[in-house]
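Text of input09.txt, listed as compact mmCIF, C-alpha atoms:
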```
# COMPACT_ATOMS: atom_id res chain seq x y z
CA MET A 29 18.85 -18.04 -2.00
CA ASP A 30 18.28 -20.20 1.04
CA ASN A 31 17.31 -18.39 4.23
CA ASN A 32 20.42 -19.59 6.05
CA ASP A 33 22.88 -19.38 3.18
CA HIS A 34 24.57 -16.01 2.97
CA SER A 35 27.81 -17.11 1.35
CA ALA A 36 26.90 -15.21 -1.82
CA ARG A 37 26.12 -12.03 0.07
CA PRO A 38 28.46 -9.19 -0.94
CA VAL A 39 30.54 -7.90 1.94
CA ALA A 40 30.88 -4.34 0.69
CA THR A 41 27.89 -2.01 0.76
CA PRO A 42 27.26 0.47 -2.03
CA THR A 43 27.31 4.22 -1.70
CA GLU A 44 24.69 4.78 -4.41
CA ALA A 45 21.09 3.59 -4.60
CA ARG A 46 21.69 1.83 -7.93
CA GLY A 47 24.32 -0.34 -6.27
CA TRP A 48 21.80 -1.48 -3.67
CA THR A 49 19.45 -2.64 -6.43
CA GLN A 50 22.15 -4.90 -7.82
CA ILE A 51 23.06 -6.35 -4.43
CA LEU A 52 19.47 -7.03 -3.38
CA SER A 53 18.70 -8.99 -6.54
CA CYS A 54 20.02 -12.17 -4.89
CA TYR A 55 17.03 -12.13 -2.51
CA ARG A 56 14.44 -12.30 -5.28
CA GLN A 57 13.99 -16.06 -5.67
CA PRO A 58 10.58 -17.08 -4.26
CA SER A 59 9.69 -20.44 -2.73
CA ASP A 60 6.46 -22.03 -3.95
CA GLY A 61 6.17 -24.10 -0.77
CA ARG A 62 6.62 -21.04 1.43
CA GLY A 63 4.06 -19.18 -0.67
CA ILE A 64 1.44 -21.90 -0.17
CA VAL A 65 2.05 -21.88 3.59
CA GLU A 66 1.79 -18.08 3.75
CA ILE A 67 -1.56 -18.17 1.96
CA ALA A 68 -2.87 -20.98 4.17
CA ILE A 69 -1.96 -19.25 7.45
CA THR A 70 -3.70 -16.12 6.18
CA VAL A 71 -6.85 -17.44 4.51
CA VAL A 72 -7.79 -20.12 7.07
CA PRO A 73 -7.75 -17.77 10.10
CA LEU A 74 -9.64 -15.16 8.06
CA LEU A 75 -12.43 -17.60 7.26
CA LEU A 76 -12.57 -18.90 10.83
CA LEU A 77 -12.74 -15.37 12.26
CA TRP A 78 -15.48 -14.44 9.79
CA ALA A 79 -17.52 -17.45 10.85
CA LEU A 80 -16.85 -16.70 14.52
CA ALA A 81 -17.94 -13.08 14.09
CA TRP A 82 -21.15 -14.27 12.41
CA TYR A 83 -21.81 -16.75 15.25
CA ALA A 84 -21.06 -14.05 17.84
CA LEU A 85 -23.93 -11.94 16.51
CA LYS A 86 -26.21 -14.13 18.62
CA GLN A 87 -24.30 -13.12 21.74
CA GLY A 88 -24.20 -9.41 20.95
CA TYR A 89 -22.92 -7.17 18.18
CA TRP A 90 -20.07 -5.67 20.19
CA LEU A 91 -18.47 -9.09 20.56
CA SER A 92 -18.84 -9.68 16.83
CA LEU A 93 -17.39 -6.25 16.09
CA LEU A 94 -14.40 -7.02 18.29
CA ILE A 95 -13.69 -10.17 16.29
CA THR A 96 -13.77 -8.25 13.01
CA VAL A 97 -10.62 -6.34 14.06
CA PRO A 98 -8.18 -9.27 13.74
CA ALA A 99 -10.16 -10.45 10.71
CA ALA A 100 -9.42 -7.11 9.04
CA GLY A 101 -5.75 -7.66 9.85
CA PHE A 102 -5.76 -10.97 7.99
CA LEU A 103 -7.55 -9.34 5.04
CA VAL A 104 -4.80 -6.69 4.92
CA ARG A 105 -2.22 -9.48 4.88
CA LEU A 106 -4.10 -11.18 2.06
CA PHE A 107 -3.98 -7.96 0.05
CA MET A 108 -0.22 -7.80 0.60
CA ILE A 109 0.08 -11.31 -0.84
CA GLN A 110 -1.94 -10.13 -3.85
CA HIS A 111 0.48 -7.19 -4.04
CA ASP A 112 3.45 -9.57 -4.20
CA CYS A 113 1.71 -11.61 -6.90
CA GLY A 114 1.31 -8.41 -8.91
CA HIS A 115 5.07 -7.98 -8.84
CA GLY A 116 5.63 -11.62 -9.84
CA ALA A 117 7.35 -12.12 -6.50
CA PHE A 118 5.25 -14.65 -4.59
CA PHE A 119 5.59 -17.74 -6.78
CA ARG A 120 8.17 -18.79 -9.34
CA HIS A 121 5.85 -18.77 -12.34
CA ARG A 122 4.05 -15.68 -13.54
CA LEU A 123 0.89 -17.60 -14.45
CA VAL A 124 0.56 -18.89 -10.88
CA ASN A 125 1.14 -15.39 -9.49
CA ASP A 126 -1.49 -13.93 -11.79
CA TRP A 127 -4.24 -16.45 -11.08
CA VAL A 128 -3.65 -16.44 -7.33
CA GLY A 129 -3.75 -12.64 -7.48
CA ARG A 130 -7.01 -12.70 -9.43
CA VAL A 131 -8.67 -15.02 -6.94
CA ILE A 132 -7.48 -12.93 -3.97
CA GLY A 133 -8.75 -9.83 -5.78
CA VAL A 134 -12.29 -11.13 -5.40
CA LEU A 135 -11.87 -11.16 -1.61
CA THR A 136 -10.15 -7.77 -1.50
CA LEU A 137 -12.57 -6.15 -3.99
CA THR A 138 -9.58 -5.27 -6.17
CA PRO A 139 -9.50 -6.18 -9.89
CA TYR A 140 -6.05 -7.71 -10.14
CA ASP A 141 -4.97 -6.89 -13.70
CA PHE A 142 -6.24 -3.31 -13.47
CA TRP A 143 -4.57 -2.78 -10.10
CA ARG A 144 -1.31 -4.40 -11.25
CA ARG A 145 -1.04 -1.96 -14.16
CA THR A 146 -1.72 1.15 -12.07
CA HIS A 147 0.65 -0.08 -9.37
CA ALA A 148 3.39 -0.60 -11.94
CA LEU A 149 2.89 3.03 -12.95
CA HIS A 150 3.27 4.01 -9.30
CA HIS A 151 6.64 2.23 -9.11
CA ALA A 152 7.77 3.78 -12.39
CA THR A 153 6.82 7.35 -11.45
CA SER A 154 6.98 7.54 -7.65
CA GLY A 155 8.36 10.88 -6.50
CA ASN A 156 8.24 12.42 -9.99
CA LEU A 157 6.58 15.84 -9.84
CA ASP A 158 5.95 15.81 -13.58
CA ARG A 159 4.26 12.39 -13.66
CA ARG A 160 1.81 12.48 -10.76
CA GLY A 161 -1.67 11.00 -10.86
CA PHE A 162 -1.40 7.20 -11.05
CA GLY A 163 -1.34 5.00 -7.97
CA ASP A 164 -0.26 7.71 -5.56
CA ILE A 165 -1.63 10.22 -3.07
CA ASP A 166 -2.41 13.55 -4.76
CA THR A 167 0.31 15.92 -3.54
CA LEU A 168 0.62 19.60 -4.47
CA THR A 169 3.67 21.78 -4.16
CA VAL A 170 3.41 24.94 -2.07
CA ARG A 171 3.47 27.03 -5.24
CA GLU A 172 0.70 25.00 -6.88
CA TYR A 173 -1.44 25.26 -3.76
CA ARG A 174 -1.02 29.02 -3.52
CA GLU A 175 -1.83 29.48 -7.22
CA ARG A 176 -5.14 27.65 -6.90
CA PRO A 177 -8.34 29.67 -6.46
CA LEU A 178 -10.10 29.54 -3.10
CA TRP A 179 -12.36 26.68 -4.17
CA GLY A 180 -9.38 24.68 -5.43
CA ARG A 181 -7.54 25.12 -2.13
CA LEU A 182 -10.66 24.12 -0.18
CA LYS A 183 -11.07 20.95 -2.27
CA TYR A 184 -7.46 19.99 -1.64
CA ARG A 185 -7.80 20.62 2.09
CA LEU A 186 -10.95 18.49 2.14
CA TYR A 187 -9.21 15.71 0.22
CA ARG A 188 -6.33 15.82 2.70
CA HIS A 189 -8.56 15.78 5.80
CA PRO A 190 -7.91 12.57 7.82
CA LEU A 191 -11.62 11.67 7.85
CA VAL A 192 -11.67 11.72 4.04
CA MET A 193 -8.19 10.30 3.51
CA PHE A 194 -8.51 7.32 5.84
CA GLY A 195 -12.29 6.93 6.16
CA ILE A 196 -14.42 7.97 3.21
CA GLY A 197 -11.59 7.65 0.68
CA PRO A 198 -10.76 3.94 1.20
CA ALA A 199 -14.47 3.03 1.32
CA TYR A 200 -15.08 4.83 -1.98
CA LEU A 201 -11.97 3.30 -3.57
CA PHE A 202 -12.65 -0.35 -2.75
CA VAL A 203 -16.45 -0.37 -2.93
CA PHE A 204 -17.07 1.96 -5.89
CA GLN A 205 -14.00 3.12 -7.83
CA HIS A 206 -12.58 -0.37 -8.29
CA ARG A 207 -15.78 -1.43 -10.02
CA LEU A 208 -14.70 0.41 -13.21
CA PRO A 209 -11.16 0.71 -14.66
CA VAL A 210 -11.14 4.48 -14.30
CA GLY A 211 -7.94 5.99 -15.67
CA LEU A 212 -7.14 3.14 -18.04
CA MET A 213 -9.93 3.56 -20.56
CA ARG A 214 -7.38 3.34 -23.38
CA GLY A 215 -5.50 0.44 -21.84
CA GLY A 216 -7.14 -2.16 -24.05
CA TRP A 217 -9.49 -4.97 -23.14
CA GLN A 218 -7.52 -6.52 -20.25
CA PRO A 219 -8.34 -3.92 -17.55
CA TRP A 220 -12.01 -4.10 -18.53
CA LEU A 221 -12.07 -7.89 -18.56
CA SER A 222 -10.28 -8.06 -15.22
CA THR A 223 -12.63 -5.54 -13.63
CA MET A 224 -15.87 -7.02 -14.98
CA ALA A 225 -14.82 -10.61 -14.18
CA THR A 226 -13.89 -9.55 -10.65
CA ASN A 227 -17.25 -7.79 -10.27
CA VAL A 228 -19.15 -10.91 -11.39
CA ALA A 229 -17.15 -13.12 -9.01
CA ILE A 230 -17.71 -10.67 -6.14
CA ALA A 231 -21.46 -10.62 -6.84
CA ALA A 232 -21.57 -14.42 -6.85
CA LEU A 233 -19.60 -14.65 -3.61
CA VAL A 234 -21.71 -12.00 -1.88
CA ALA A 235 -24.94 -13.68 -3.02
CA THR A 236 -23.70 -17.02 -1.68
CA MET A 237 -22.72 -15.52 1.68
CA ILE A 238 -26.07 -13.77 2.00
CA TRP A 239 -27.85 -17.02 1.16
CA LEU A 240 -25.84 -18.89 3.82
CA THR A 241 -26.34 -16.21 6.48
CA SER A 242 -28.64 -13.26 5.74
CA LEU A 243 -28.29 -9.81 4.25
CA GLY A 244 -28.21 -8.17 7.68
CA ALA A 245 -25.68 -10.62 9.12
CA PHE A 246 -23.44 -10.33 6.06
CA LEU A 247 -23.38 -6.54 6.24
CA LEU A 248 -22.88 -6.47 10.00
CA VAL A 249 -19.86 -8.79 9.74
CA HIS A 250 -18.24 -8.08 6.41
CA LEU A 251 -18.71 -4.33 6.12
CA PRO A 252 -16.61 -3.52 9.24
CA ILE A 253 -13.91 -5.94 8.08
CA MET A 254 -13.70 -4.34 4.63
CA LEU A 255 -13.84 -0.75 5.88
CA LEU A 256 -11.22 -1.30 8.57
CA ALA A 257 -8.92 -3.26 6.25
CA GLY A 258 -9.27 -0.56 3.58
CA SER A 259 -8.39 2.19 6.03
CA ILE A 260 -5.37 0.26 7.32
CA GLY A 261 -4.18 -0.42 3.79
CA PHE A 262 -4.57 3.23 2.83
CA TRP A 263 -2.71 4.32 5.96
CA LEU A 264 0.20 2.00 5.14
CA PHE A 265 0.45 3.34 1.61
CA TYR A 266 0.25 6.89 2.93
CA VAL A 267 3.08 6.74 5.46
CA GLN A 268 5.31 4.83 3.03
CA HIS A 269 5.63 7.93 0.85
CA GLN A 270 4.13 10.88 2.76
CA PHE A 271 6.79 11.55 5.37
CA GLU A 272 8.78 14.71 5.99
CA ASP A 273 12.09 13.74 4.38
CA THR A 274 10.70 11.88 1.40
CA VAL A 275 12.01 12.72 -2.08
CA TRP A 276 10.20 14.47 -4.93
CA ALA A 277 11.85 15.90 -8.03
CA HIS A 278 11.03 17.14 -11.50
CA ASP A 279 11.76 14.92 -14.48
CA ARG A 280 15.18 16.40 -15.21
CA ALA A 281 16.47 15.66 -11.69
CA TRP A 282 14.42 12.54 -10.92
CA ASP A 283 16.32 9.30 -10.38
CA LEU A 284 14.41 6.01 -10.06
CA HIS A 285 16.83 4.33 -7.67
CA LYS A 286 17.42 7.36 -5.46
CA VAL A 287 13.69 7.98 -5.10
CA ALA A 288 13.13 4.28 -4.34
CA LEU A 289 15.67 4.31 -1.51
CA HIS A 290 15.05 7.75 -0.03
CA GLY A 291 11.48 8.49 -1.14
CA SER A 292 10.02 5.41 0.53
CA SER A 293 9.99 4.96 4.29
CA TYR A 294 11.08 2.11 6.49
CA TYR A 295 8.00 1.75 8.69
CA ASP A 296 9.49 0.06 11.74
CA LEU A 297 6.39 -1.55 13.23
CA PRO A 298 6.09 -3.89 16.24
CA HIS A 299 6.66 -7.53 15.25
CA VAL A 300 3.00 -8.57 15.29
CA LEU A 301 2.07 -5.67 13.00
CA ARG A 302 4.98 -6.51 10.69
CA TRP A 303 3.50 -9.97 10.29
CA PHE A 304 -0.02 -8.74 9.59
CA THR A 305 1.31 -6.24 7.04
CA ALA A 306 3.59 -8.84 5.41
CA ASN A 307 6.71 -6.74 6.06
CA ILE A 308 5.56 -4.03 3.63
CA GLY A 309 7.02 -1.51 6.08
CA ALA A 310 10.43 -2.19 4.51
CA HIS A 311 9.10 -0.17 1.63
CA HIS A 312 12.38 1.39 0.55
CA ILE A 313 13.77 -2.10 -0.03
CA HIS A 314 10.60 -3.09 -1.85
CA HIS A 315 10.90 -0.13 -4.21
CA LEU A 316 14.57 -0.86 -4.83
CA CYS A 317 13.80 -4.46 -5.74
CA SER A 318 10.09 -5.19 -6.04
CA ARG A 319 10.65 -8.85 -6.90
CA ILE A 320 11.77 -9.72 -3.35
CA PRO A 321 9.01 -11.80 -1.68
CA CYS A 322 7.56 -10.26 1.46
CA TYR A 323 8.89 -13.08 3.64
CA ARG A 324 12.48 -12.34 2.52
CA LEU A 325 12.44 -8.62 3.32
CA PRO A 326 13.46 -9.20 6.99
CA LEU A 327 16.51 -11.10 5.72
CA VAL A 328 17.66 -8.03 3.85
CA LEU A 329 17.38 -5.88 6.98
CA ARG A 330 19.19 -8.53 8.99
CA ASP A 331 22.04 -8.80 6.50
CA TYR A 332 22.29 -5.06 5.84
CA PRO A 333 21.31 -3.28 9.08
CA GLU A 334 22.47 0.05 7.62
CA LEU A 335 19.27 0.04 5.55
CA SER A 336 17.26 0.21 8.79
CA GLY A 337 18.38 3.79 9.34
CA ILE A 338 17.12 5.13 6.01
CA GLY A 339 13.69 6.77 6.13
CA ARG A 340 12.89 5.06 9.43
CA LEU A 341 9.50 5.79 11.00
CA THR A 342 8.21 4.28 14.22
CA LEU A 343 4.49 3.79 14.84
CA VAL A 344 4.35 6.88 17.08
CA GLN A 345 6.35 9.02 14.65
CA SER A 346 4.12 8.02 11.75
CA PHE A 347 1.05 9.76 13.23
CA ARG A 348 2.78 13.11 12.69
CA CYS A 349 2.81 12.46 8.95
CA VAL A 350 -0.92 13.22 8.72
CA ARG A 351 -0.27 16.97 8.88
CA LEU A 352 2.33 16.89 6.07
CA VAL A 353 0.40 17.82 2.96
CA LEU A 354 2.46 20.08 0.66
CA TRP A 355 5.85 19.65 -0.99
CA ASP A 356 8.19 22.56 -0.36
CA GLU A 357 10.53 22.67 -3.36
CA GLY A 358 12.87 25.11 -1.63
CA GLN A 359 13.39 23.09 1.56
CA ARG A 360 12.84 19.76 -0.26
CA ARG A 361 10.50 18.36 2.35
CA LEU A 362 6.79 17.94 3.06
CA ILE A 363 5.22 20.63 5.21
CA SER A 364 1.85 21.37 6.82
CA PHE A 365 -0.86 23.90 6.02
CA ARG A 366 0.07 25.64 9.27
CA GLU A 367 3.63 26.24 8.09
CA VAL A 368 2.32 27.78 4.88
CA ARG A 369 0.01 30.10 6.86
CA GLN A 370 2.87 31.14 9.15
CA ARG A 371 5.07 32.00 6.20
CA HIS A 372 2.30 34.00 4.61
CA ALA A 373 1.75 35.92 7.85
CA LEU A 374 5.45 36.76 8.09
CA ALA A 375 5.74 37.77 4.45
```
As structure tokens, the full file:
Amino acid sequence: MDNNDHSARPVATPTEARGWTQILSCYRQPSDGRGIVEIAITVVPLLLLWALAWYALKQGYWLSLLITVPAAGFLVRLFMIQHDCGHGAFFRHRLVNDWVGRVIGVLTLTPYDFWRRTHALHHATSGNLDRRGFGDIDTLTVREYRERPLWGRLKYRLYRHPLVMFGIGPAYLFVFQHRLPVGLMRGGWQPWLSTMATNVAIAALVATMIWLTSLGAFLLVHLPIMLLAGSIGFWLFYVQHQFEDTVWAHDRAWDLHKVALHGSSYYDLPHVLRWFTANIGAHHIHHLCSRIPCYRLPLVLRDYPELSGIGRLTLVQSFRCVRLVLWDEGQRRLISFREVRQRHALA
């Protein structure tokens, strides 16, 4: 569908989530030329900023550290392109998507084939209380939390602490956990091959960069970029599903399309942040139709503005989501540890 051609756009809007999936399918067709441009305007500035941060070390580390901030933004955007490749949405041909995704995975420290499989499981099970554990944030119900022993509750509270969730957690995930296909040991040879090949390519790239610069310079420049980009990426994934009025249900009541539309947020970011995050904030649309390229998601919101009011979170509102940690099956919303304590005190 051409960006300016909306003659095929249905006039009526559906009342059910499944109907939205059918309507949005006309936005799925990617443009190879647009994909190449999107990669170029992401990779080239990233490389230039990396080189500039390395050069700025001579002037002082604080200047170099300042430059790593926008560099991390471009690395986040590159990961989002890899994400689209994993859905077969960035280029027309699957083979092109897969090999571009694999190459980007070396830069993002993410084994593409392993990640693609776990992410597919996330899409297939998102919001299902009976199928938690793959590609999502560990979320307990209030009942499950209360039934845990003291040590179990303490571990969950530690896991949910912002310092762990958005600091230590992303660093562990991208630097260590992604080095082995944990969780897919029975998934055949492909996750192992993808992970080991990515590790070898990462080692070769790191060795080359250290040879061109130095070990100290490489760590001073690249480590902040990776850590900041990882934390931003984790934050985006968090607020896209961990908001107060999200949807969780047990298998018998779970509906893929309803959870996609109402269990994923519309993260309404400022325009510059939308660009750096490749429009992933329109996450409810993405879950309804994951084959829509990131650069077409704004077209959907423009053509169907009623979708902008579903699960909408502003940047300021999103910070309140950090305290929401437990699913209340009675009220059907996420609540905080404080609310649980207050209920217990009143009981």
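The residue that comes closest to Ala225 in chain A, out of A:Tyr140, A:Phe107, A:Phe102, A:Trp78 and on the basis of all atoms listed in the file, is A:Tyr140.
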**Request:** Please provide the set of residues having any atom within 12 Å of Leu247 in chain A, restricted to only C-alpha atoms, with same-chain residues fewer than 6 positions apart removed, written as a list in words.
**Result:**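 Result of the neighbour search: Trp78, Ala81, Trp82, Leu85, Tyr89, Ser92, Leu93, Thr96, Val234, Ala235, Met237, Ile238, Thr241, Ile253, Met254 and Leu255 of chain A.
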**Message:** Residues within 8 Å of His312 in chain A, please, as a ChimeraX atom specification. Count all atoms listed in the file; anything in the same chain fewer than 2 positions from it doesn't count.
**Reply:** /A:288-294,310,314-316,339
How close does range 89-190 of chain A get to range 259-269 of chain A? List, as CSV, each residue of range 89-190 of chain A within 9 Å, its nearest atom pair and the distance in Å to one decimal, counting all atoms listed in the file.
```
residue,atom,partner,partner_atom,distance
A:Ala100,CA,A:Ile260,CA,8.6
A:Gly101,CA,A:Ile260,CA,8.3
A:Val104,CA,A:Gly261,CA,6.4
A:Phe107,CA,A:Gly261,CA,8.4
A:Met108,CA,A:Gly261,CA,9.0
A:Ser154,CA,A:His269,CA,8.6
A:Gly155,CA,A:His269,CA,8.4
A:Asp164,CA,A:Phe265,CA,8.4
A:Ile165,CA,A:Tyr266,CA,7.1
```
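CA of Gly258 in chain A lies 29.2 Å from CA of Asp356 in chain A.
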Between range 237-356 of chain A and range 56-76 of chain A, at 9 Å or less, what are the per-residue closest atom pairs and their distances in Å? Count all atoms listed in the file, order by chain and rising residue number, and return it as a Markdown table.
```
| residue | atom | partner | partner_atom | distance |
| --- | --- | --- | --- | --- |
| A:Phe304 | CA | A:Thr70 | CA | 8.9 |
| A:Cys317 | CA | A:Arg56 | CA | 7.9 |
| A:Ser318 | CA | A:Arg56 | CA | 8.4 |
| A:Arg319 | CA | A:Arg56 | CA | 5.4 |
| A:Ile320 | CA | A:Arg56 | CA | 4.2 |
| A:Pro321 | CA | A:Pro58 | CA | 6.1 |
| A:Tyr323 | CA | A:Arg62 | CA | 8.6 |
| A:Arg324 | CA | A:Arg56 | CA | 8.0 |
```
How would the residues just chosen look if you wrote them out with C-alpha atoms as a PDB file, keeping the file's coordinate frame?
```pdb
ATOM      1  CA  PHE A 304      -0.020  -8.740   9.590  1.00  0.00           C
ATOM      2  CA  CYS A 317      13.800  -4.460  -5.740  1.00  0.00           C
ATOM      3  CA  SER A 318      10.090  -5.190  -6.040  1.00  0.00           C
ATOM      4  CA  ARG A 319      10.650  -8.850  -6.900  1.00  0.00           C
ATOM      5  CA  ILE A 320      11.770  -9.720  -3.350  1.00  0.00           C
ATOM      6  CA  PRO A 321       9.010 -11.800  -1.680  1.00  0.00           C
ATOM      7  CA  TYR A 323       8.890 -13.080   3.640  1.00  0.00           C
ATOM      8  CA  ARG A 324      12.480 -12.340   2.520  1.00  0.00           C
TER       9      ARG A 324
END
```
**Nearest to Phe271 in chain A by atom-to-atom distance, counting only C-alpha atoms, from A:Phe162, A:Trp355, A:Phe365, A:Phe194** =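 Checking each of A:Phe162, A:Trp355, A:Phe365, A:Phe194 against Phe271 in chain A, counting only C-alpha atoms, the winner is A:Trp355.
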**Prompt:** When distances are computed from only C-alpha atoms, which of A:Arg174, A:Arg120, A:Arg185, A:His285 shows the smallest separation from His151 in chain A?
**Reply:** A:His285
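Across the model, the gap from CA of Ala199 in chain A to CA of Leu178 in chain A is 27.2 Å.
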**Message:** Calculated over all atoms listed in the file, which of the candidates A:Tyr187, A:Trp179, A:Tyr83, A:Phe204 has the smallest distance to Asn227 in chain A?
**Reply:**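 Ranked by minimum distance to Asn227 in chain A, first place goes to A:Phe204.
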**Message:** So, with only C-alpha atoms as the atoms that count, which of A:Gln87, A:Thr138, A:Asn307, A:Gln270 lies closest to Ile363 in chain A?
**Reply:** A:Gln270
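The gap separating CA of Arg340 in chain A from CA of Trp48 in chain A is 17.1 Å, in Å to one decimal.
Each of A:Leu329, A:Val368, A:Cys349, A:Leu123 was compared to Leu52 in chain A using all atoms listed in the file, and A:Leu329 turns out to be the nearest.
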**Item:** Leu149 in chain A environment, 12 Å, all atoms listed in the file, sequence neighbours closer than 3 positions dropped, as JSON, numbers by chain
**Value:** {"A": [115, 142, 143, 144, 145, 146, 152, 153, 154, 155, 156, 159, 160, 161, 162, 163, 164, 211, 212]}
